[in-house]
$ cat protein32.cif   # mmCIF, C-alpha atoms, pLDDT in the B column; chains and numbers go by the auth columns
data_start
loop_
_atom_site.group_PDB
_atom_site.id
_atom_site.type_symbol
_atom_site.label_atom_id
_atom_site.label_comp_id
_atom_site.label_asym_id
_atom_site.label_seq_id
_atom_site.Cartn_x
_atom_site.Cartn_y
_atom_site.Cartn_z
_atom_site.B_iso_or_equiv
_atom_site.auth_seq_id
_atom_site.auth_asym_id
ATOM 1 C CA SER A 1 0.000 0.000 0.000 57.00 1 L
ATOM 2 C CA PRO A 2 1.192 3.515 -0.678 76.00 2 L
ATOM 3 C CA LEU A 3 2.777 5.472 2.171 80.00 3 L
ATOM 4 C CA ALA A 4 0.361 7.983 3.745 82.00 4 L
ATOM 5 C CA PHE A 5 1.034 10.954 5.981 84.00 5 L
ATOM 6 C CA ALA A 6 -1.421 12.463 8.414 87.00 6 L
ATOM 7 C CA VAL A 7 -1.507 15.975 9.791 91.00 7 L
ATOM 8 C CA LYS A 8 -0.455 16.232 13.412 94.00 8 L
ATOM 9 C CA THR A 9 -3.276 16.937 15.807 96.00 9 L
ATOM 10 C CA PHE A 10 -3.253 18.594 19.204 97.00 10 L
ATOM 11 C CA THR A 11 -5.699 18.703 22.080 97.00 11 L
ATOM 12 C CA ILE A 12 -7.194 21.896 23.459 97.00 12 L
ATOM 13 C CA THR A 13 -8.104 20.878 27.010 97.00 13 L
ATOM 14 C CA THR A 14 -10.583 23.134 28.811 96.00 14 L
ATOM 15 C CA SER A 15 -11.698 22.887 32.426 95.00 15 L
ATOM 16 C CA GLY A 16 -13.392 24.761 35.263 92.00 16 L
ATOM 17 C CA ALA A 17 -17.008 24.644 34.097 86.00 17 L
ATOM 18 C CA GLU A 18 -17.953 21.257 35.489 86.00 18 L
ATOM 19 C CA ASP A 19 -20.677 23.036 37.502 85.00 19 L
ATOM 20 C CA GLU A 20 -22.636 24.689 34.701 87.00 20 L
ATOM 21 C CA SER A 21 -24.693 26.721 37.185 90.00 21 L
ATOM 22 C CA LYS A 22 -21.612 28.960 37.545 95.00 22 L
ATOM 23 C CA GLY A 23 -20.643 29.270 33.896 96.00 23 L
ATOM 24 C CA THR A 24 -19.577 27.569 30.699 96.00 24 L
ATOM 25 C CA ILE A 25 -16.416 27.183 28.628 95.00 25 L
ATOM 26 C CA THR A 26 -15.824 25.813 25.136 96.00 26 L
ATOM 27 C CA GLN A 27 -15.555 22.049 25.283 95.00 27 L
ATOM 28 C CA THR A 28 -12.237 20.199 24.919 96.00 28 L
ATOM 29 C CA ALA A 29 -11.411 19.675 21.241 97.00 29 L
ATOM 30 C CA THR A 30 -8.809 18.208 18.894 97.00 30 L
ATOM 31 C CA VAL A 31 -7.373 20.455 16.179 97.00 31 L
ATOM 32 C CA ASP A 32 -4.933 20.084 13.294 96.00 32 L
ATOM 33 C CA TYR A 33 -1.400 21.411 13.321 96.00 33 L
ATOM 34 C CA GLY A 34 -1.169 25.115 12.399 95.00 34 L
ATOM 35 C CA THR A 35 -4.871 25.849 12.733 96.00 35 L
ATOM 36 C CA ASP A 36 -6.590 28.436 14.910 97.00 36 L
ATOM 37 C CA PHE A 37 -9.082 27.724 17.679 97.00 37 L
ATOM 38 C CA THR A 38 -11.182 30.104 19.800 97.00 38 L
ATOM 39 C CA VAL A 39 -11.968 29.359 23.441 96.00 39 L
ATOM 40 C CA GLU A 40 -14.839 31.223 25.096 95.00 40 L
ATOM 41 C CA ALA A 41 -15.976 31.337 28.727 94.00 41 L
ATOM 42 C CA THR A 42 -19.193 32.874 30.043 95.00 42 L
ATOM 43 C CA ALA A 43 -20.210 33.371 33.671 95.00 43 L
ATOM 44 C CA LYS A 44 -23.821 32.748 34.637 95.00 44 L
ATOM 45 C CA GLN A 45 -26.025 35.196 36.547 95.00 45 L
ATOM 46 C CA GLY A 46 -24.589 35.825 40.003 95.00 46 L
ATOM 47 C CA TYR A 47 -21.060 34.808 38.999 96.00 47 L
ATOM 48 C CA GLN A 48 -18.031 36.343 37.357 95.00 48 L
ATOM 49 C CA ILE A 49 -14.744 35.111 35.928 94.00 49 L
ATOM 50 C CA GLN A 50 -12.164 35.244 38.697 92.00 50 L
ATOM 51 C CA LYS A 51 -9.260 34.161 36.533 91.00 51 L
ATOM 52 C CA ILE A 52 -8.243 32.374 33.360 92.00 52 L
ATOM 53 C CA VAL A 53 -5.186 30.103 33.342 92.00 53 L
ATOM 54 C CA LEU A 54 -3.749 29.613 29.858 93.00 54 L
ATOM 55 C CA ASN A 55 -0.981 27.023 29.693 94.00 55 L
ATOM 56 C CA GLY A 56 -0.124 27.656 33.332 92.00 56 L
ATOM 57 C CA THR A 57 -0.181 31.463 33.105 90.00 57 L
ATOM 58 C CA ASP A 58 -2.853 33.589 34.781 89.00 58 L
ATOM 59 C CA ILE A 59 -4.527 36.112 32.486 82.00 59 L
ATOM 60 C CA ILE A 60 -5.264 38.540 35.282 66.00 60 L
ATOM 61 C CA GLN A 61 -6.546 41.367 33.090 66.00 61 L
ATOM 62 C CA ASP A 62 -9.714 39.384 32.478 64.00 62 L
ATOM 63 C CA ALA A 63 -10.559 38.928 36.163 74.00 63 L
ATOM 64 C CA GLY A 64 -13.985 40.223 37.161 85.00 64 L
ATOM 65 C CA THR A 65 -15.550 39.982 33.695 90.00 65 L
ATOM 66 C CA LYS A 66 -18.639 38.022 32.645 92.00 66 L
ATOM 67 C CA ASN A 67 -17.320 36.953 29.239 93.00 67 L
ATOM 68 C CA TRP A 68 -13.886 35.968 27.948 92.00 68 L
ATOM 69 C CA SER A 69 -12.655 34.919 24.548 92.00 69 L
ATOM 70 C CA GLN A 70 -9.182 33.965 23.327 92.00 70 L
ATOM 71 C CA LYS A 71 -8.144 32.995 19.790 94.00 71 L
ATOM 72 C CA LEU A 72 -5.310 30.468 19.858 95.00 72 L
ATOM 73 C CA GLU A 73 -3.433 30.974 16.581 95.00 73 L
ATOM 74 C CA ASN A 74 -1.155 28.626 14.599 96.00 74 L
ATOM 75 C CA ILE A 75 -1.434 25.832 17.127 96.00 75 L
ATOM 76 C CA GLN A 76 1.683 23.656 17.259 96.00 76 L
ATOM 77 C CA SER A 77 1.308 22.009 20.676 96.00 77 L
ATOM 78 C CA ASN A 78 -1.300 20.909 23.159 97.00 78 L
ATOM 79 C CA GLN A 79 -3.071 23.751 24.949 97.00 79 L
ATOM 80 C CA ALA A 80 -4.707 23.913 28.379 97.00 80 L
ATOM 81 C CA VAL A 81 -7.264 26.539 29.378 96.00 81 L
ATOM 82 C CA GLN A 82 -8.808 26.690 32.861 94.00 82 L
ATOM 83 C CA VAL A 83 -11.505 29.101 33.973 94.00 83 L
ATOM 84 C CA VAL A 84 -12.317 29.894 37.606 93.00 84 L
ATOM 85 C CA PHE A 85 -15.749 31.338 38.396 94.00 85 L
ATOM 86 C CA THR A 86 -16.559 33.144 41.635 94.00 86 L
ATOM 87 C CA GLU A 87 -19.716 34.585 43.166 95.00 87 L
ATOM 88 C CA ILE A 88 -20.416 38.287 42.698 95.00 88 L
ATOM 89 C CA LYS A 89 -20.777 39.956 46.089 95.00 89 L
ATOM 90 C CA TYR A 90 -21.935 43.402 47.127 96.00 90 L
ATOM 91 C CA THR A 91 -21.107 45.083 50.421 97.00 91 L
ATOM 92 C CA LEU A 92 -23.266 46.912 52.955 98.00 92 L
ATOM 93 C CA SER A 93 -21.003 49.029 55.174 98.00 93 L
ATOM 94 C CA TYR A 94 -22.635 50.152 58.413 98.00 94 L
ATOM 95 C CA ASN A 95 -21.945 52.448 61.353 98.00 95 L
ATOM 96 C CA ILE A 96 -24.308 51.850 64.282 98.00 96 L
ATOM 97 C CA GLY A 97 -24.345 54.471 67.021 97.00 97 L
ATOM 98 C CA ALA A 98 -24.504 53.714 70.741 97.00 98 L
ATOM 99 C CA ASN A 99 -27.789 53.184 72.618 97.00 99 L
ATOM 100 C CA GLY A 100 -29.460 50.966 70.030 97.00 100 L
ATOM 101 C CA GLU A 101 -28.894 48.110 67.612 98.00 101 L
ATOM 102 C CA MET A 102 -29.349 47.117 63.999 98.00 102 L
ATOM 103 C CA THR A 103 -30.816 43.921 62.597 98.00 103 L
ATOM 104 C CA TYR A 104 -30.336 42.898 58.981 97.00 104 L
ATOM 105 C CA VAL A 105 -32.314 40.148 57.293 96.00 105 L
ATOM 106 C CA GLY A 106 -31.283 38.448 54.056 91.00 106 L
ATOM 107 C CA GLU A 107 -31.494 35.044 52.424 85.00 107 L
ATOM 108 C CA SER A 108 -29.207 33.562 55.076 84.00 108 L
ATOM 109 C CA GLY A 109 -31.405 34.708 57.977 92.00 109 L
ATOM 110 C CA SER A 110 -31.384 37.450 60.592 95.00 110 L
ATOM 111 C CA THR A 111 -28.317 38.988 62.251 96.00 111 L
ATOM 112 C CA GLU A 112 -28.243 41.441 65.177 97.00 112 L
ATOM 113 C CA VAL A 113 -25.530 44.097 65.321 97.00 113 L
ATOM 114 C CA PRO A 114 -24.973 45.909 68.654 97.00 114 L
ATOM 115 C CA GLY A 115 -24.608 49.663 68.957 97.00 115 L
ATOM 116 C CA GLY A 116 -21.118 51.053 68.593 96.00 116 L
ATOM 117 C CA THR A 117 -20.290 48.713 65.697 96.00 117 L
ATOM 118 C CA VAL A 118 -18.568 49.819 62.487 97.00 118 L
ATOM 119 C CA ALA A 119 -18.318 46.912 60.043 97.00 119 L
ATOM 120 C CA SER A 120 -19.713 45.483 56.805 97.00 120 L
ATOM 121 C CA VAL A 121 -21.498 42.453 55.398 96.00 121 L
ATOM 122 C CA GLU A 122 -21.250 40.871 51.940 96.00 122 L
ATOM 123 C CA ILE A 123 -24.340 39.670 50.088 95.00 123 L
ATOM 124 C CA ASN A 124 -24.257 37.446 47.014 95.00 124 L
ATOM 125 C CA GLU A 125 -25.773 38.748 43.812 95.00 125 L
ATOM 126 C CA SER A 126 -28.990 36.946 42.928 94.00 126 L
ATOM 127 C CA THR A 127 -28.598 33.971 40.593 92.00 127 L
ATOM 128 C CA ASP A 128 -32.080 34.684 39.225 92.00 128 L
ATOM 129 C CA GLU A 129 -32.004 37.109 36.298 89.00 129 L
ATOM 130 C CA ASN A 130 -35.536 38.245 37.163 91.00 130 L
ATOM 131 C CA SER A 131 -34.886 39.186 40.789 92.00 131 L
ATOM 132 C CA VAL A 132 -32.481 41.160 42.975 94.00 132 L
ATOM 133 C CA SER A 133 -31.008 40.086 46.306 95.00 133 L
ATOM 134 C CA LYS A 134 -32.613 42.081 49.126 96.00 134 L
ATOM 135 C CA LEU A 135 -31.271 43.097 52.523 97.00 135 L
ATOM 136 C CA GLN A 136 -33.701 44.507 55.084 97.00 136 L
ATOM 137 C CA VAL A 137 -32.173 46.722 57.761 98.00 137 L
ATOM 138 C CA THR A 138 -33.945 47.762 60.975 98.00 138 L
ATOM 139 C CA ALA A 139 -32.508 50.162 63.559 98.00 139 L
ATOM 140 C CA THR A 140 -34.025 49.805 67.045 98.00 140 L
ATOM 141 C CA PRO A 141 -33.251 52.177 69.946 97.00 141 L
ATOM 142 C CA ASP A 142 -32.704 51.160 73.556 96.00 142 L
ATOM 143 C CA THR A 143 -35.447 52.013 76.046 94.00 143 L
ATOM 144 C CA GLY A 144 -35.708 55.761 76.461 92.00 144 L
ATOM 145 C CA TYR A 145 -34.022 56.469 73.135 95.00 145 L
ATOM 146 C CA ARG A 146 -35.066 57.077 69.532 95.00 146 L
ATOM 147 C CA VAL A 147 -33.550 56.903 66.072 97.00 147 L
ATOM 148 C CA SER A 148 -32.543 60.531 65.551 95.00 148 L
ATOM 149 C CA LYS A 149 -30.493 60.426 62.346 97.00 149 L
ATOM 150 C CA VAL A 150 -30.017 58.067 59.395 98.00 150 L
ATOM 151 C CA ILE A 151 -27.590 58.442 56.484 98.00 151 L
ATOM 152 C CA ILE A 152 -27.933 56.133 53.478 98.00 152 L
ATOM 153 C CA ASP A 153 -25.233 55.784 50.833 98.00 153 L
ATOM 154 C CA GLY A 154 -23.522 58.940 52.070 96.00 154 L
ATOM 155 C CA GLY A 155 -26.530 61.100 51.206 96.00 155 L
ATOM 156 C CA GLU A 156 -28.226 63.878 53.127 97.00 156 L
ATOM 157 C CA PRO A 157 -29.018 63.020 56.778 96.00 157 L
ATOM 158 C CA ILE A 158 -32.607 62.038 57.536 96.00 158 L
ATOM 159 C CA GLU A 159 -33.512 63.349 60.987 94.00 159 L
ATOM 160 C CA PHE A 160 -36.341 62.316 63.312 92.00 160 L
ATOM 161 C CA ALA A 161 -37.838 63.830 66.477 86.00 161 L
ATOM 162 C CA GLU A 162 -40.467 61.178 67.251 90.00 162 L
ATOM 163 C CA ASN A 163 -39.816 59.381 70.532 91.00 163 L
ATOM 164 C CA ASP A 164 -39.047 55.627 70.516 92.00 164 L
ATOM 165 C CA ARG A 165 -38.608 55.918 66.759 93.00 165 L
ATOM 166 C CA THR A 166 -37.344 52.862 64.852 96.00 166 L
ATOM 167 C CA TYR A 167 -36.234 52.830 61.225 98.00 167 L
ATOM 168 C CA THR A 168 -36.481 50.161 58.527 98.00 168 L
ATOM 169 C CA CYS A 169 -35.293 50.162 54.927 97.00 169 L
ATOM 170 C CA VAL A 170 -34.632 47.561 52.224 97.00 170 L
ATOM 171 C CA PHE A 171 -31.527 47.623 50.033 98.00 171 L
ATOM 172 C CA ASP A 172 -31.376 46.169 46.521 97.00 172 L
ATOM 173 C CA MET A 173 -28.032 44.374 46.651 96.00 173 L
ATOM 174 C CA ASN A 174 -26.982 44.883 43.045 94.00 174 L
ATOM 175 C CA GLU A 175 -24.399 47.473 44.119 96.00 175 L
ATOM 176 C CA ASP A 176 -22.528 48.480 47.268 97.00 176 L
ATOM 177 C CA HIS A 177 -24.393 50.456 49.947 98.00 177 L
ATOM 178 C CA SER A 178 -23.729 52.186 53.261 98.00 178 L
ATOM 179 C CA PHE A 179 -25.942 52.758 56.305 98.00 179 L
ATOM 180 C CA ALA A 180 -25.310 54.924 59.366 98.00 180 L
ATOM 181 C CA VAL A 181 -27.671 55.528 62.287 98.00 181 L
ATOM 182 C CA GLU A 182 -27.554 57.639 65.435 97.00 182 L
ATOM 183 C CA PHE A 183 -29.695 57.254 68.549 97.00 183 L
ATOM 184 C CA SER A 184 -30.654 60.067 70.936 95.00 184 L
ATOM 185 C CA LEU A 185 -32.542 60.289 74.194 93.00 185 L
ATOM 186 C CA ASN A 186 -36.273 60.770 73.895 91.00 186 L
ATOM 187 C CA GLY A 187 -37.274 64.397 74.311 84.00 187 L
ATOM 188 C CA TYR A 188 -40.403 65.781 75.938 82.00 188 L
ATOM 189 C CA ASN A 189 -41.909 69.193 75.271 80.00 189 L
ATOM 190 C CA ILE A 190 -42.728 71.347 78.266 80.00 190 L
ATOM 191 C CA LYS A 191 -45.802 73.435 77.521 83.00 191 L
ATOM 192 C CA VAL A 192 -46.877 76.089 80.010 83.00 192 L
ATOM 193 C CA PRO A 193 -50.337 77.524 79.325 79.00 193 L
ATOM 194 C CA GLU A 194 -51.158 81.153 79.829 80.00 194 L
ATOM 195 C CA THR A 195 -52.919 81.845 83.100 81.00 195 L
ATOM 196 C CA GLU A 196 -54.654 84.759 84.770 83.00 196 L
ATOM 197 C CA ASN A 197 -53.643 86.436 88.007 83.00 197 L
ATOM 198 C CA GLY A 198 -50.072 85.202 87.942 85.00 198 L
ATOM 199 C CA THR A 199 -47.288 83.766 85.837 84.00 199 L
ATOM 200 C CA VAL A 200 -45.946 80.267 85.212 85.00 200 L
ATOM 201 C CA VAL A 201 -42.405 80.021 83.850 85.00 201 L
ATOM 202 C CA SER A 202 -40.452 76.907 82.835 82.00 202 L
ATOM 203 C CA ASN A 203 -36.666 76.978 82.545 83.00 203 L
ATOM 204 C CA LYS A 204 -36.821 74.535 79.605 75.00 204 L
ATOM 205 C CA THR A 205 -39.093 73.930 76.654 72.00 205 L
ATOM 206 C CA LEU A 206 -37.677 70.469 75.979 74.00 206 L
ATOM 207 C CA VAL A 207 -36.279 67.905 78.405 76.00 207 L
ATOM 208 C CA GLU A 208 -34.683 64.546 77.583 77.00 208 L
ATOM 209 C CA THR A 209 -35.411 61.236 79.299 76.00 209 L
ATOM 210 C CA GLY A 210 -34.103 61.368 82.868 77.00 210 L
ATOM 211 C CA GLY A 211 -33.706 65.128 82.801 75.00 211 L
ATOM 212 C CA GLU A 212 -35.206 67.729 85.122 82.00 212 L
ATOM 213 C CA VAL A 213 -37.210 70.861 84.535 81.00 213 L
ATOM 214 C CA SER A 214 -37.925 73.720 86.950 86.00 214 L
ATOM 215 C CA VAL A 215 -41.307 75.448 86.841 84.00 215 L
ATOM 216 C CA THR A 216 -41.875 78.647 88.811 86.00 216 L
ATOM 217 C CA PHE A 217 -45.371 79.764 89.824 85.00 217 L
ATOM 218 C CA THR A 218 -45.684 83.445 90.764 86.00 218 L
ATOM 219 C CA PRO A 219 -49.123 84.723 91.791 85.00 219 L
ATOM 220 C CA SER A 220 -50.142 88.342 91.300 86.00 220 L
ATOM 221 C CA ASN A 221 -50.673 90.607 94.298 87.00 221 L
ATOM 222 C CA ASN A 222 -53.471 89.434 96.570 83.00 222 L
ATOM 223 C CA TYR A 223 -53.454 85.978 94.937 84.00 223 L
ATOM 224 C CA LYS A 224 -51.943 82.659 95.898 83.00 224 L
ATOM 225 C CA VAL A 225 -51.252 79.360 94.177 82.00 225 L
ATOM 226 C CA ASP A 226 -54.449 77.368 94.506 79.00 226 L
ATOM 227 C CA LYS A 227 -54.022 74.223 92.381 80.00 227 L
ATOM 228 C CA ILE A 228 -51.376 72.776 90.064 80.00 228 L
ATOM 229 C CA PHE A 229 -52.329 70.495 87.203 77.00 229 L
ATOM 230 C CA VAL A 230 -49.755 68.409 85.360 78.00 230 L
ATOM 231 C CA LYS A 231 -50.825 66.652 82.163 75.00 231 L
ATOM 232 C CA THR A 232 -48.557 64.118 80.487 72.00 232 L
ATOM 233 C CA THR A 233 -48.788 62.615 77.024 68.00 233 L
ATOM 234 C CA SER A 234 -46.542 60.002 75.383 59.00 234 L
ATOM 235 C CA ASN A 235 -44.199 60.712 72.484 51.00 235 L
ATOM 236 C CA THR A 236 -44.375 64.479 72.965 46.00 236 L
#
$ encode --input "protein32.cif" --output "structure tokens"
Amino acid sequence: SPLAFAVKTFTITTSGAEDESKGTITQTATVDYGTDFTVEATAKQGYQIQKIVLNGTDIIQDAGTKNWSQKLENIQSNQAVQVVFTEIKYTLSYNIGANGEMTYVGESGSTEVPGGTVASVEINESTDENSVSKLQVTATPDTGYRVSKVIIDGGEPIEFAENDRTYTCVFDMNEDHSFAVEFSLNGYNIKVPETENGTVVSNKTLVETGGEVSVTFTPSNNYKVDKIFVKTTSNT
């Protein structure tokens, strides 16, 4: 039989996408000597490409992307391409003032954060293209205190005067966020009504929980203090 020659072939081995819920990569293939071959990797929703290893060398410039493509030209040896997928995470940074606490609730459950804490929590991006990961945050004051100021994402402060005030908000975790809260003592208005035949003077118009106020009753000439009425209402 006549002598026959065959073109050399080489294997393009790809790996890292065994779990297709994270992403995909072009399947391993055999190619002829001197040909070109394109390898593509795509991260699924909620994931990103952490790194690509091409013949033992990290291609770091492609880290953090969703899609990667590399054309291998004039192939003259076996090639190995590995992709590493990682979860996309977003951060909520928080600063919780003293005299209260924060609770955040996400897919992993509820977590309490004591007052005086400055920290952060990472939340995974949703793997469902039709939904967004949520994080509910609730600030709760200690007894006798109220939420007095909230700052979200470094914006303008939101201030409150209502006693025993709590605060709840929900973050869409498709980007980083920040949350800061301050707690203050409850305050109570001191209202002195006008009266005839004398004067009533208070040294304060607002007193905080545990504070003191001095009220002076001065009757006009030929009059005396007959009765004193004190009316209290909550959250005032």
$ closest_residue --input "protein32.cif" --among "L:Trp68, L:Phe217, L:Tyr94, L:Phe10" --to "Thr38 in chain L" --atoms "all atoms listed in the file"
L:Trp68
$ closest_residue --input "protein32.cif" --among "L:Asp172, L:Glu129, L:Glu101, L:Glu122" --to "Asp142 in chain L" --atoms "only C-alpha atoms"
L:Glu101
$ atom_distance --input "protein32.cif" --atom1 "CA of Ser69 in chain L" --atom2 "CA of Phe37 in chain L"
10.6 Å
$ closest_residue --input "protein32.cif" --among "L:Thr216, L:Gln76, L:Ser148, L:Thr195" --to "Asn99 in chain L" --atoms "all atoms listed in the file"
L:Ser148
$ atom_distance --input "protein32.cif" --atom1 "CA of Ile12 in chain L" --atom2 "CA of Thr65 in chain L"
22.4 Å
$ axis_aligned_box --input "protein32.cif" --around "range 138-144 of chain L" --padding-each-side "6 Å" --output "JSON"
{"center_x": -34.1, "center_y": 51.8, "center_z": 68.7, "size_x": 15.2, "size_y": 20.0, "size_z": 27.5}
$ resolve_selection --input "protein32.cif" --expression "the PyMOL selection byres ((chain L and resi 13-26) around 9)" --output "PyMOL selection string"
chain L and resi 11-12+27-30+38-49+78-87+127
$ residues_around --input "protein32.cif" --residues "Val113 in chain L" --least-positions-apart "6" --cutoff "9 Å" --atoms "only C-alpha atoms" --output "list of chain:residue names"
L:Ile96, L:Glu101, L:Met102, L:Thr103, L:Tyr104
$ closest_residue --input "protein32.cif" --among "L:Ile88, L:Val150, L:Val181, L:Val200" --to "Ile123 in chain L" --atoms "only C-alpha atoms"
L:Ile88
$ build_atoms --input "protein32.cif" --residues "range 115-129 of chain L" --atoms "N, CA, C and O atoms" --output "short mmCIF file (atom, residue, chain, number, x, y, z; two decimals), in the frame of the given file"
data_model
loop_
_atom_site.label_atom_id
_atom_site.label_comp_id
_atom_site.auth_asym_id
_atom_site.auth_seq_id
_atom_site.Cartn_x
_atom_site.Cartn_y
_atom_site.Cartn_z
N GLY L 115 -25.02 48.28 69.12
CA GLY L 115 -24.61 49.66 68.96
C GLY L 115 -23.12 49.82 69.15
O GLY L 115 -22.47 49.05 69.86
N GLY L 116 -22.55 50.82 68.50
CA GLY L 116 -21.12 51.05 68.59
C GLY L 116 -20.31 50.23 67.61
O GLY L 116 -19.08 50.20 67.70
N THR L 117 -20.98 49.59 66.66
CA THR L 117 -20.29 48.71 65.70
C THR L 117 -20.10 49.43 64.36
O THR L 117 -21.03 50.02 63.82
N VAL L 118 -18.88 49.35 63.84
CA VAL L 118 -18.57 49.82 62.49
C VAL L 118 -18.00 48.62 61.74
O VAL L 118 -16.92 48.14 62.06
N ALA L 119 -18.74 48.13 60.74
CA ALA L 119 -18.32 46.91 60.04
C ALA L 119 -19.04 46.85 58.69
O ALA L 119 -19.56 47.85 58.20
N SER L 120 -19.05 45.66 58.10
CA SER L 120 -19.71 45.48 56.80
C SER L 120 -20.14 44.04 56.66
O SER L 120 -19.67 43.15 57.37
N VAL L 121 -21.04 43.80 55.71
CA VAL L 121 -21.50 42.45 55.40
C VAL L 121 -21.57 42.32 53.88
O VAL L 121 -21.92 43.28 53.18
N GLU L 122 -21.20 41.14 53.37
CA GLU L 122 -21.25 40.87 51.94
C GLU L 122 -22.47 40.03 51.61
O GLU L 122 -22.76 39.05 52.31
N ILE L 123 -23.14 40.39 50.54
CA ILE L 123 -24.34 39.67 50.09
C ILE L 123 -24.12 39.22 48.65
O ILE L 123 -23.68 40.01 47.80
N ASN L 124 -24.43 37.97 48.37
CA ASN L 124 -24.26 37.45 47.01
C ASN L 124 -25.28 38.05 46.06
O ASN L 124 -26.45 38.26 46.42
N GLU L 125 -24.84 38.32 44.85
CA GLU L 125 -25.77 38.75 43.81
C GLU L 125 -26.75 37.61 43.53
O GLU L 125 -26.40 36.43 43.59
N SER L 126 -27.99 37.96 43.23
CA SER L 126 -28.99 36.95 42.93
C SER L 126 -28.58 36.13 41.70
O SER L 126 -28.04 36.66 40.73
N THR L 127 -28.86 34.83 41.75
CA THR L 127 -28.60 33.97 40.59
C THR L 127 -29.82 33.89 39.67
O THR L 127 -29.79 33.19 38.66
N ASP L 128 -30.86 34.62 40.03
CA ASP L 128 -32.08 34.68 39.22
C ASP L 128 -32.07 36.00 38.45
O ASP L 128 -32.05 37.08 39.03
N GLU L 129 -32.06 35.90 37.13
CA GLU L 129 -32.00 37.11 36.30
C GLU L 129 -33.21 38.01 36.50
O GLU L 129 -33.16 39.20 36.18
#
